[in-house]
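Text of model23.cif, listed as mmCIF, C-alpha atoms:
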```cif
data_start
loop_
_atom_site.group_PDB
_atom_site.id
_atom_site.type_symbol
_atom_site.label_atom_id
_atom_site.label_comp_id
_atom_site.auth_asym_id
_atom_site.auth_seq_id
_atom_site.Cartn_x
_atom_site.Cartn_y
_atom_site.Cartn_z
ATOM 1 C CA MET A 270 224.910 102.535 102.805
ATOM 2 C CA VAL A 271 226.765 99.482 101.550
ATOM 3 C CA GLU A 272 225.320 96.217 100.274
ATOM 4 C CA VAL A 273 226.493 93.281 102.393
ATOM 5 C CA GLY A 274 224.119 90.648 101.081
ATOM 6 C CA ARG A 275 221.775 89.830 98.228
ATOM 7 C CA PHE A 276 219.150 87.160 98.719
ATOM 8 C CA HIS A 277 216.846 85.284 96.383
ATOM 9 C CA THR A 278 213.852 85.633 98.685
ATOM 10 C CA ARG A 279 212.654 88.325 101.036
ATOM 11 C CA THR A 280 212.389 85.694 103.777
ATOM 12 C CA ASP A 281 216.130 84.978 103.558
ATOM 13 C CA ALA A 282 216.862 88.703 103.689
ATOM 14 C CA GLU A 283 214.644 89.063 106.774
ATOM 15 C CA TYR A 284 216.633 86.263 108.438
ATOM 16 C CA ALA A 285 219.876 88.113 107.678
ATOM 17 C CA ARG A 286 218.369 91.318 109.060
ATOM 18 C CA SER A 287 217.461 89.531 112.296
ATOM 19 C CA LEU A 288 221.045 88.279 112.665
ATOM 20 C CA LEU A 289 222.416 91.774 112.197
ATOM 21 C CA ALA A 290 219.853 93.274 114.573
ATOM 22 C CA ALA A 291 220.845 90.743 117.247
ATOM 23 C CA ALA A 292 224.432 91.972 116.860
ATOM 24 C CA GLY A 293 223.327 95.606 117.173
ATOM 25 C CA ILE A 294 223.909 96.424 113.509
ATOM 26 C CA PRO A 295 221.058 98.417 111.941
ATOM 27 C CA CYS A 296 220.271 97.575 108.344
ATOM 28 C CA VAL A 297 217.816 98.281 105.575
ATOM 29 C CA LEU A 298 216.276 95.848 103.122
ATOM 30 C CA ALA A 299 215.942 97.068 99.559
ATOM 31 C CA PRO A 300 214.160 95.223 96.769
ATOM 32 C CA ASP A 301 216.502 93.490 94.380
ATOM 33 C CA GLU A 302 216.385 95.017 90.917
ATOM 34 C CA VAL A 303 214.981 91.728 89.645
ATOM 35 C CA ALA A 304 212.189 91.838 92.239
ATOM 36 C CA GLY A 305 210.544 94.698 90.412
ATOM 37 C CA ALA A 306 209.063 97.969 91.548
ATOM 38 C CA TYR A 307 206.599 96.507 94.033
ATOM 39 C CA PRO A 308 208.301 96.152 97.449
ATOM 40 C CA ILE A 309 205.074 94.802 98.939
ATOM 41 C CA ASN A 310 205.670 91.644 96.896
ATOM 42 C CA ARG A 311 207.546 89.465 99.377
ATOM 43 C CA SER A 312 208.315 86.743 96.836
ATOM 44 C CA GLY A 313 211.154 88.616 95.161
ATOM 45 C CA GLY A 314 214.759 88.999 96.198
ATOM 46 C CA ALA A 315 216.188 91.655 98.466
ATOM 47 C CA ARG A 316 219.489 93.349 99.247
ATOM 48 C CA VAL A 317 220.756 93.995 102.769
ATOM 49 C CA LEU A 318 222.323 97.426 103.252
ATOM 50 C CA VAL A 319 224.282 98.670 106.279
ATOM 51 C CA ALA A 320 226.203 101.816 107.169
ATOM 52 C CA ASP A 321 229.752 101.970 105.816
ATOM 53 C CA ALA A 322 231.152 101.743 109.357
ATOM 54 C CA ASP A 323 229.275 98.460 109.991
ATOM 55 C CA ALA A 324 229.995 96.760 106.669
ATOM 56 C CA SER A 325 232.974 94.678 107.773
ATOM 57 C CA ASP A 326 231.296 93.358 110.926
ATOM 58 C CA ALA A 327 228.056 92.675 109.056
ATOM 59 C CA ALA A 328 229.873 90.723 106.340
ATOM 60 C CA VAL A 329 231.569 88.536 108.963
ATOM 61 C CA ILE A 330 228.242 87.785 110.658
ATOM 62 C CA LEU A 331 226.523 86.906 107.402
ATOM 63 C CA ARG A 332 229.399 84.673 106.266
ATOM 64 C CA ARG A 333 229.312 82.848 109.594
ATOM 65 C CA TYR A 334 225.566 82.311 109.956
ATOM 66 C CA VAL A 335 223.981 82.363 106.504
ATOM 67 C CA PRO A 336 224.216 78.954 104.817
ATOM 68 C CA ARG A 337 226.294 78.839 101.626
ATOM 69 C CA GLY A 338 224.328 79.324 98.435
ATOM 70 C CA GLU A 339 221.748 81.663 99.970
ATOM 71 C CA ASP A 340 223.836 84.809 99.802
ATOM 72 C CA ASP A 341 225.141 85.973 96.446
ATOM 73 C CA GLY A 342 226.916 88.999 97.869
#
```
If you convert what's in this file into structure tokens, what do you get?
Amino acid sequence: MVEVGRFHTRTDAEYARSLLAAAGIPCVLAPDEVAGAYPINRSGGARVLVADADASDAAVILRRYVPRGEDDG
């Protein structure tokens, strides 16, 4: 798995996940290290991870559709 995005809020990460899902790219959300050890807490940041083979396509989609400043990665 490769990180293709890092978001300040879980909501932003969920939006990115929906974009990737619409393109047929499976992904996993992982809590950002800063978010702490409680993944149930939806107020913290999250990372978007995809398979190595999908990383390039996923990065293009996120660059195209995620507004600047929301994605640190």
(message) Measuring between all atoms listed in the file, which one of A:Asp301, A:Val271, A:Ile330, A:Asp321 shows the shortest distance to Arg286 (chain A)?
(response) A:Ile330
(message) Measuring between only C-alpha atoms, which one of A:Leu288, A:Val335, A:Ala299, A:Val329 shows the shortest distance to Gly313 (chain A)?
(response)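 Going through A:Leu288, A:Val335, A:Ala299, A:Val329 one by one, the smallest distance to Gly313 (chain A) is for A:Ala299.
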(request) Please provide the set of residues having any atom within 10 Å of Asp323 (chain A), restricted to only C-alpha atoms, with same-chain residues fewer than 2 positions apart removed, written as an NGL selection string. (result) :A and (270-271 or 273 or 289 or 293-296 or 318-321 or 325-328)
(request) Kindly give the distance, in Å, that separates CA of Ala292 (chain A) and CA of Thr280 (chain A), rounded to a single decimal. (result)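 Separation of CA of Ala292 (chain A) and CA of Thr280 (chain A): 18.9 Å.
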Return the padded bounding box of region 323-334 of chain A as JSON: axis-aligned, built from all atoms listed in the file, 4 Å added on each side, with centre and edge lengths in Å to one decimal.
```
{"center_x": 229.3, "center_y": 90.4, "center_z": 108.6, "size_x": 15.4, "size_y": 24.1, "size_z": 12.7}
```
(message) Under the PyMOL selection byres ((chain A and resi 278) around 7), which residues of this model are included? Write them out as a PyMOL selection string.
(response) chain A and resi 276-277+279-282+312-315
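Atom pair CA of Ala322 (chain A) / CA of Glu283 (chain A) has a distance of 21.0 Å (rounded to one decimal).
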